[in-house]
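Have a look at my_file-v8.cif; it's mmCIF, C-alpha atoms:
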```cif
data_query
loop_
_atom_site.label_atom_id
_atom_site.label_comp_id
_atom_site.auth_asym_id
_atom_site.auth_seq_id
_atom_site.Cartn_x
_atom_site.Cartn_y
_atom_site.Cartn_z
CA MET A 268 232.59 -50.85 44.95
CA ASN A 269 231.23 -49.19 48.11
CA THR A 270 233.46 -47.08 50.33
CA PRO A 271 234.05 -48.84 53.65
CA ILE A 272 232.54 -47.18 56.72
CA VAL A 273 235.84 -47.70 58.54
CA LEU A 274 239.15 -48.54 56.89
CA VAL A 275 242.33 -48.86 58.94
CA ARG A 276 245.64 -50.13 57.54
CA GLY A 277 248.93 -50.41 59.43
CA LEU A 278 247.79 -48.03 62.17
CA ARG A 279 250.41 -47.18 64.76
CA LYS A 280 250.10 -44.79 67.71
CA VAL A 281 253.03 -44.02 69.97
CA TYR A 282 252.99 -42.06 73.23
CA TRP A 283 256.76 -42.04 73.60
CA PRO A 284 258.14 -44.39 74.82
CA ASN A 285 254.93 -46.48 74.91
CA VAL A 286 253.33 -48.00 71.82
CA ALA A 287 249.54 -47.93 72.23
CA LEU A 288 248.66 -49.39 68.80
CA ASP A 289 250.94 -51.31 66.48
CA ASN A 290 250.10 -52.37 62.91
CA ILE A 291 246.30 -52.41 63.34
CA ASP A 292 244.09 -53.33 60.38
CA LEU A 293 240.30 -53.00 60.49
CA THR A 294 237.58 -52.89 57.85
CA ILE A 295 233.87 -52.29 58.48
CA GLU A 296 231.81 -52.36 55.31
CA GLU A 297 228.23 -52.80 56.57
CA PRO A 298 226.19 -50.86 59.15
CA GLY A 299 225.47 -52.70 62.38
CA LEU A 300 226.71 -53.21 65.90
CA TYR A 301 230.37 -54.06 66.49
CA LEU A 302 232.09 -54.84 69.79
CA LEU A 303 235.73 -53.97 70.30
CA LEU A 304 236.78 -56.24 73.17
CA GLY A 305 240.00 -56.15 75.14
CA PRO A 306 241.46 -55.63 78.59
CA ASN A 307 242.10 -52.18 80.02
CA GLY A 308 245.20 -50.68 78.46
CA SER A 309 244.90 -52.62 75.19
CA GLY A 310 244.41 -49.51 73.01
CA LYS A 311 240.62 -49.53 72.56
CA SER A 312 240.17 -45.92 73.71
CA THR A 313 243.08 -44.78 71.55
CA LEU A 314 241.59 -46.45 68.46
CA LEU A 315 238.18 -44.83 69.01
CA SER A 316 239.82 -41.43 69.62
CA ILE A 317 241.66 -41.73 66.30
CA LEU A 318 238.48 -42.82 64.47
CA ALA A 319 236.66 -39.83 66.00
CA GLY A 320 239.38 -37.44 64.82
CA ALA A 321 240.33 -36.48 68.38
CA GLU A 322 243.87 -37.86 68.02
CA ARG A 323 246.30 -38.10 65.14
CA PRO A 324 247.84 -41.47 64.28
CA SER A 325 251.63 -41.76 64.40
CA SER A 326 251.52 -43.65 61.09
CA GLY A 327 249.21 -45.72 58.92
CA LEU A 328 246.03 -45.12 56.96
CA VAL A 329 242.72 -44.26 58.66
CA ARG A 330 239.51 -43.50 56.76
CA VAL A 331 236.05 -42.96 58.22
CA LEU A 332 233.20 -42.70 55.71
CA GLY A 333 235.89 -42.22 53.07
CA LEU A 334 237.54 -39.27 54.85
CA ASP A 335 240.62 -38.76 57.01
CA PRO A 336 239.14 -38.21 60.50
CA TRP A 337 242.06 -36.02 61.61
CA ARG A 338 242.25 -33.69 58.58
CA ASP A 339 238.55 -33.82 57.63
CA SER A 340 236.97 -33.67 61.10
CA PRO A 341 234.77 -30.64 60.21
CA LYS A 342 233.25 -32.65 57.31
CA LEU A 343 232.58 -35.60 59.63
CA ALA A 344 231.15 -33.55 62.51
CA GLY A 345 227.53 -34.07 61.50
CA ARG A 346 228.02 -37.72 60.57
CA VAL A 347 230.04 -39.16 63.47
CA ARG A 348 229.22 -39.00 67.17
CA ALA A 349 231.40 -40.28 69.98
CA LEU A 350 231.45 -40.98 73.68
CA LEU A 351 235.16 -40.91 74.44
CA ASP A 352 236.68 -41.86 77.75
CA ARG A 353 238.91 -38.80 77.55
CA ALA A 354 236.02 -36.38 76.94
CA SER A 355 236.05 -33.20 78.98
CA LEU A 356 233.17 -30.75 78.99
CA PRO A 357 232.97 -27.27 80.50
CA PRO A 358 232.25 -27.80 84.24
CA TRP A 359 230.12 -24.64 84.50
CA LEU A 360 227.75 -25.62 81.68
CA PRO A 361 224.57 -27.60 82.46
CA CYS A 362 223.89 -30.76 80.46
CA LEU A 363 220.58 -29.23 79.35
CA ASP A 364 222.39 -26.37 77.55
CA MET A 365 224.77 -28.82 75.87
CA VAL A 366 221.82 -30.97 74.75
CA LYS A 367 219.99 -27.95 73.30
CA THR A 368 223.12 -27.03 71.32
CA ALA A 369 223.48 -30.62 70.06
CA ILE A 370 219.82 -30.65 68.97
CA GLU A 371 220.33 -27.44 66.97
CA MET A 372 223.57 -28.72 65.40
CA HIS A 373 222.23 -32.14 64.43
CA GLY A 374 218.60 -31.34 63.65
CA ALA A 375 217.30 -33.76 66.26
CA LYS A 376 213.76 -33.76 67.60
CA TRP A 377 213.40 -32.40 71.13
CA GLU A 378 210.75 -35.01 72.01
CA HIS A 379 213.09 -37.92 71.24
CA VAL A 380 216.00 -36.48 73.20
CA ALA A 381 213.85 -35.38 76.13
CA GLY A 382 212.22 -38.83 76.24
CA LEU A 383 215.60 -40.57 76.43
CA ALA A 384 216.80 -38.04 79.03
CA GLU A 385 213.74 -38.86 81.12
CA GLU A 386 214.35 -42.61 80.81
CA LEU A 387 217.98 -42.21 81.86
CA GLY A 388 217.05 -39.93 84.75
CA VAL A 389 219.14 -37.03 83.40
CA THR A 390 216.26 -34.55 83.69
CA ALA A 391 216.47 -34.76 87.49
CA TYR A 392 219.78 -32.85 87.46
CA TRP A 393 220.47 -31.57 83.94
CA SER A 394 219.93 -27.91 84.89
CA ARG A 395 222.87 -28.05 87.33
CA PRO A 396 226.48 -27.43 86.17
CA TYR A 397 228.24 -30.44 84.70
CA GLY A 398 231.11 -30.06 87.18
CA VAL A 399 228.97 -31.10 90.16
CA TYR A 400 227.80 -34.39 88.60
CA SER A 401 228.84 -37.79 89.90
CA THR A 402 230.67 -40.21 87.57
CA GLY A 403 227.41 -41.94 86.63
CA MET A 404 225.62 -38.63 86.02
CA ARG A 405 228.42 -37.45 83.75
CA ARG A 406 228.33 -40.73 81.81
CA LYS A 407 224.56 -40.37 81.24
CA CYS A 408 224.97 -36.78 80.02
CA LEU A 409 227.74 -37.84 77.61
CA LEU A 410 225.61 -40.74 76.36
CA LEU A 411 222.65 -38.43 75.81
CA LEU A 412 224.86 -36.10 73.74
CA ALA A 413 226.23 -39.03 71.72
CA PHE A 414 222.72 -40.35 71.04
CA THR A 415 221.36 -36.95 69.93
CA GLY A 416 220.57 -36.99 66.22
CA GLU A 417 221.07 -39.70 63.63
CA ALA A 418 224.79 -40.37 63.28
CA GLU A 419 226.09 -42.62 60.52
CA LEU A 420 228.86 -43.77 62.88
CA LEU A 421 228.54 -43.91 66.65
CA LEU A 422 231.69 -44.60 68.69
CA LEU A 423 231.10 -45.54 72.34
CA ASP A 424 233.99 -46.05 74.74
CA GLU A 425 232.91 -48.12 77.79
CA PRO A 426 229.33 -46.77 77.62
CA LEU A 427 228.07 -48.87 80.56
CA GLN A 428 230.76 -47.78 83.01
CA GLY A 429 229.33 -46.31 86.21
CA LEU A 430 225.69 -47.01 85.30
CA ASP A 431 223.06 -48.75 87.40
CA ARG A 432 221.17 -51.77 86.06
CA ALA A 433 218.14 -49.80 84.84
CA SER A 434 220.29 -47.26 82.97
CA THR A 435 222.42 -50.07 81.53
CA ASP A 436 219.30 -51.71 80.06
CA ILE A 437 218.17 -48.40 78.51
CA VAL A 438 221.59 -47.76 76.95
CA ILE A 439 221.76 -51.29 75.53
CA LYS A 440 218.28 -50.94 74.01
CA THR A 441 219.20 -47.54 72.53
CA VAL A 442 222.44 -48.88 71.03
CA GLU A 443 220.62 -51.86 69.50
CA ARG A 444 217.90 -49.58 68.11
CA LYS A 445 220.48 -47.22 66.53
CA ALA A 446 222.14 -50.21 64.83
CA ARG A 447 218.78 -51.55 63.58
CA GLU A 448 217.95 -48.13 62.16
CA GLY A 449 221.09 -48.13 60.00
CA SER A 450 223.84 -46.56 62.09
CA THR A 451 227.19 -48.24 62.50
CA VAL A 452 227.86 -48.53 66.23
CA ILE A 453 231.27 -49.49 67.61
CA VAL A 454 231.30 -50.24 71.34
CA ALA A 455 234.68 -50.59 73.06
CA THR A 456 234.49 -52.55 76.30
CA HIS A 457 236.51 -54.85 78.50
CA ILE A 458 233.39 -56.73 79.67
CA VAL A 459 230.94 -58.54 77.40
CA PRO A 460 227.45 -57.36 78.41
CA GLU A 461 224.73 -59.96 78.94
CA THR A 462 222.91 -58.53 75.94
CA LEU A 463 224.08 -56.29 73.08
#
```

What is this file in structure tokens?
Amino acid sequence: MNTPIVLVRGLRKVYWPNVALDNIDLTIEEPGLYLLLGPNGSGKSTLLSILAGAERPSSGLVRVLGLDPWRDSPKLAGRVRALLDRASLPPWLPCLDMVKTAIEMHGAKWEHVAGLAEELGVTAYWSRPYGVYSTGMRRKCLLLLAFTGEAELLLLDEPLQGLDRASTDIVIKTVERKAREGSTVIVATHIVPETL
């Protein structure tokens, strides 16, 4: 029997006194594209943060690629990539430097990453410090970092937020391509895109 890509049983997350997630079960056994739909405040971001190993569950079982994402996050670092709503990057560091580091870490090809950066329009500003970017510029930089390399699991929290129509189309095409190529992509959103 194959190990599920994602296995969640009885997951609970409490930010006292608020309960963000209560008795959540989820199983993903096959690669592909999955949408996690729900209104703002429904726990989507919290679930993705736990799957990415950025937050510890209050209780329950969570396994990603057969490993505990909280305890085994170093082992999952090369296999899981995430765009998390709560992500914070050093404001003094240019996106270009972060991308170069991601390429080295994940063995990605510069041509592929630079081509996507050009399509998204990131190259127009990626030498400037991250702290001076607009919301949309930051989102594109974070997406570029998430898309760098070939992740087995890609977790995207509201990836289309703050993007113009052209950038939205590029991100949707990239997400669909990653899923076709064998990655498991989980997109959390409160709006169903026209395509995806």

**Request:** For stretch 326-332 of chain A, work out the shell of residues within 8 Å, counting only C-alpha atoms and skipping chain neighbours fewer than 3 positions away, then give it as a ChimeraX atom specification.
**Result:** /A:270-280,290,318,335-336

**Message:** On this structure, the PyMOL selection byres ((chain A and resi 408) around 9) would catch which residues? List them as a VMD selection string, sorted by chain and number.
**Reply:** chain A and resid 362 to 363 365 to 366 384 389 393 397 403 to 407 409 to 413

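Rounded to one decimal, atom CA of A:Pro358 and atom CA of A:Thr402 lie 12.9 Å from each other.
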
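The closest residue to A:Gly416, picked from A:Asp289, A:Asp431, A:Glu371, A:Asp352 and counting only C-alpha atoms, is A:Glu371.
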
**Asked** Using the chain letters and numbers from the file, which residues does the PyMOL selection byres ((chain A and resi 421-428) around 10) grab, as a PyMOL selection string?
**Response** chain A and resi 300-303+311-316+318-319+346-353+402-403+406-407+409-410+413-414+417-420+429-432+434-436+438-439+442+445-446+450-458+460

**Item:** Pick from A:His379, A:Lys440, A:Arg447, A:Arg338 nearest to A:Ile317, counting all atoms listed in the file
**Value:**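 Under the stated criterion, the closest residue is A:Arg338.
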
**Prompt:** Which is closest to A:Pro341 among A:Gly310, A:Gly320, A:Gly398, A:Pro357, if we use only C-alpha atoms?
**Reply:**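 Nearest candidate to A:Pro341 out of A:Gly310, A:Gly320, A:Gly398, A:Pro357: A:Gly320.
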
**Message:** I need the residue nearest A:Gly382 from this list: A:Asn285, A:Ile437, A:Gly449, A:Asn269. Use all atoms listed in the file for the distance.
**Reply:**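 The shortest atom-to-atom distance to A:Gly382 comes from A:Ile437.
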
**Message:** List as a ChimeraX atom specification the protein and nucleic acid residues near A:Ala433, meaning an atom at most 10 Å away when all atoms listed in the file are counted, but skip any in the same chain fewer than 5 places from it.
**Reply:** /A:386-388,438

**Coordinates-based distance that separates atom CA of A:Ala381 from atom CA of A:Ala369 (Å, one decimal)** = 12.3 Å

**Request:** Between atom CA of A:Ile291 and atom CA of A:Pro324, measure the distance and give it in Å to one decimal.
**Result:**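 Between atom CA of A:Ile291 and atom CA of A:Pro324 the gap is 11.1 Å.
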
**Asked** For A:Asn307, which residue among A:Leu383, A:Ala287, A:Thr368, A:Ser340 is the nearest when counting all atoms listed in the file?
**Response** A:Ala287

Could you complete stretch 426-450 of chain A so that it carries N, CA, C and O atoms, and give it back as an mmCIF file, in the coordinates of the input?
```
data_model
loop_
_atom_site.group_PDB
_atom_site.id
_atom_site.type_symbol
_atom_site.label_atom_id
_atom_site.label_comp_id
_atom_site.auth_asym_id
_atom_site.auth_seq_id
_atom_site.Cartn_x
_atom_site.Cartn_y
_atom_site.Cartn_z
ATOM 1 N N PRO A 426 230.561 -47.522 77.359
ATOM 2 C CA PRO A 426 229.330 -46.770 77.620
ATOM 3 C C PRO A 426 228.578 -47.185 78.881
ATOM 4 O O PRO A 426 227.774 -46.408 79.391
ATOM 5 N N LEU A 427 228.823 -48.385 79.401
ATOM 6 C CA LEU A 427 228.070 -48.870 80.560
ATOM 7 C C LEU A 427 228.790 -48.607 81.884
ATOM 8 O O LEU A 427 228.248 -48.906 82.944
ATOM 9 N N GLN A 428 229.968 -48.036 81.804
ATOM 10 C CA GLN A 428 230.760 -47.780 83.010
ATOM 11 C C GLN A 428 230.050 -46.804 83.944
ATOM 12 O O GLN A 428 229.618 -45.732 83.539
ATOM 13 N N GLY A 429 229.920 -47.189 85.206
ATOM 14 C CA GLY A 429 229.330 -46.310 86.210
ATOM 15 C C GLY A 429 227.818 -46.221 86.191
ATOM 16 O O GLY A 429 227.240 -45.397 86.897
ATOM 17 N N LEU A 430 227.146 -47.071 85.388
ATOM 18 C CA LEU A 430 225.690 -47.010 85.300
ATOM 19 C C LEU A 430 225.038 -48.071 86.163
ATOM 20 O O LEU A 430 225.572 -49.161 86.347
ATOM 21 N N ASP A 431 223.846 -47.754 86.672
ATOM 22 C CA ASP A 431 223.060 -48.750 87.400
ATOM 23 C C ASP A 431 222.390 -49.691 86.410
ATOM 24 O O ASP A 431 222.444 -49.486 85.193
ATOM 25 N N ARG A 432 221.768 -50.734 86.916
ATOM 26 C CA ARG A 432 221.170 -51.770 86.060
ATOM 27 C C ARG A 432 220.095 -51.215 85.123
ATOM 28 O O ARG A 432 220.059 -51.540 83.938
ATOM 29 N N ALA A 433 219.225 -50.350 85.663
ATOM 30 C CA ALA A 433 218.140 -49.800 84.840
ATOM 31 C C ALA A 433 218.702 -48.954 83.698
ATOM 32 O O ALA A 433 218.262 -49.064 82.547
ATOM 33 N N SER A 434 219.681 -48.106 84.006
ATOM 34 C CA SER A 434 220.290 -47.260 82.970
ATOM 35 C C SER A 434 221.056 -48.109 81.957
ATOM 36 O O SER A 434 221.035 -47.817 80.763
ATOM 37 N N THR A 435 221.718 -49.159 82.425
ATOM 38 C CA THR A 435 222.420 -50.070 81.530
ATOM 39 C C THR A 435 221.462 -50.666 80.516
ATOM 40 O O THR A 435 221.751 -50.714 79.312
ATOM 41 N N ASP A 436 220.297 -51.122 80.969
ATOM 42 C CA ASP A 436 219.300 -51.710 80.060
ATOM 43 C C ASP A 436 218.839 -50.692 79.018
ATOM 44 O O ASP A 436 218.682 -51.031 77.840
ATOM 45 N N ILE A 437 218.625 -49.442 79.435
ATOM 46 C CA ILE A 437 218.170 -48.400 78.510
ATOM 47 C C ILE A 437 219.239 -48.119 77.456
ATOM 48 O O ILE A 437 218.945 -47.991 76.263
ATOM 49 N N VAL A 438 220.501 -48.032 77.894
ATOM 50 C CA VAL A 438 221.590 -47.760 76.950
ATOM 51 C C VAL A 438 221.734 -48.908 75.956
ATOM 52 O O VAL A 438 221.886 -48.679 74.752
ATOM 53 N N ILE A 439 221.660 -50.138 76.434
ATOM 54 C CA ILE A 439 221.760 -51.290 75.530
ATOM 55 C C ILE A 439 220.633 -51.270 74.503
ATOM 56 O O ILE A 439 220.870 -51.462 73.302
ATOM 57 N N LYS A 440 219.415 -51.006 74.942
ATOM 58 C CA LYS A 440 218.280 -50.940 74.010
ATOM 59 C C LYS A 440 218.474 -49.813 72.990
ATOM 60 O O LYS A 440 218.163 -49.973 71.804
ATOM 61 N N THR A 441 218.979 -48.671 73.440
ATOM 62 C CA THR A 441 219.200 -47.540 72.530
ATOM 63 C C THR A 441 220.271 -47.868 71.510
ATOM 64 O O THR A 441 220.119 -47.577 70.315
ATOM 65 N N VAL A 442 221.367 -48.489 71.946
ATOM 66 C CA VAL A 442 222.440 -48.880 71.030
ATOM 67 C C VAL A 442 221.917 -49.872 69.993
ATOM 68 O O VAL A 442 222.174 -49.727 68.785
ATOM 69 N N GLU A 443 221.173 -50.870 70.435
ATOM 70 C CA GLU A 443 220.620 -51.860 69.500
ATOM 71 C C GLU A 443 219.656 -51.220 68.523
ATOM 72 O O GLU A 443 219.654 -51.553 67.336
ATOM 73 N N ARG A 444 218.848 -50.267 68.990
ATOM 74 C CA ARG A 444 217.900 -49.580 68.110
ATOM 75 C C ARG A 444 218.646 -48.742 67.061
ATOM 76 O O ARG A 444 218.308 -48.761 65.879
ATOM 77 N N LYS A 445 219.691 -48.025 67.482
ATOM 78 C CA LYS A 445 220.480 -47.220 66.530
ATOM 79 C C LYS A 445 221.066 -48.113 65.431
ATOM 80 O O LYS A 445 221.055 -47.747 64.253
ATOM 81 N N ALA A 446 221.573 -49.279 65.817
ATOM 82 C CA ALA A 446 222.140 -50.210 64.830
ATOM 83 C C ALA A 446 221.068 -50.731 63.890
ATOM 84 O O ALA A 446 221.285 -50.838 62.680
ATOM 85 N N ARG A 447 219.885 -51.065 64.424
ATOM 86 C CA ARG A 447 218.780 -51.550 63.580
ATOM 87 C C ARG A 447 218.337 -50.483 62.585
ATOM 88 O O ARG A 447 217.911 -50.792 61.475
ATOM 89 N N GLU A 448 218.415 -49.223 63.013
ATOM 90 C CA GLU A 448 217.950 -48.130 62.160
ATOM 91 C C GLU A 448 218.966 -47.706 61.106
ATOM 92 O O GLU A 448 218.733 -46.779 60.353
ATOM 93 N N GLY A 449 220.135 -48.377 61.082
ATOM 94 C CA GLY A 449 221.090 -48.130 60.000
ATOM 95 C C GLY A 449 222.386 -47.465 60.390
ATOM 96 O O GLY A 449 223.250 -47.256 59.528
ATOM 97 N N SER A 450 222.556 -47.120 61.660
ATOM 98 C CA SER A 450 223.840 -46.560 62.090
ATOM 99 C C SER A 450 224.859 -47.688 62.258
ATOM 100 O O SER A 450 224.487 -48.835 62.516
#
```
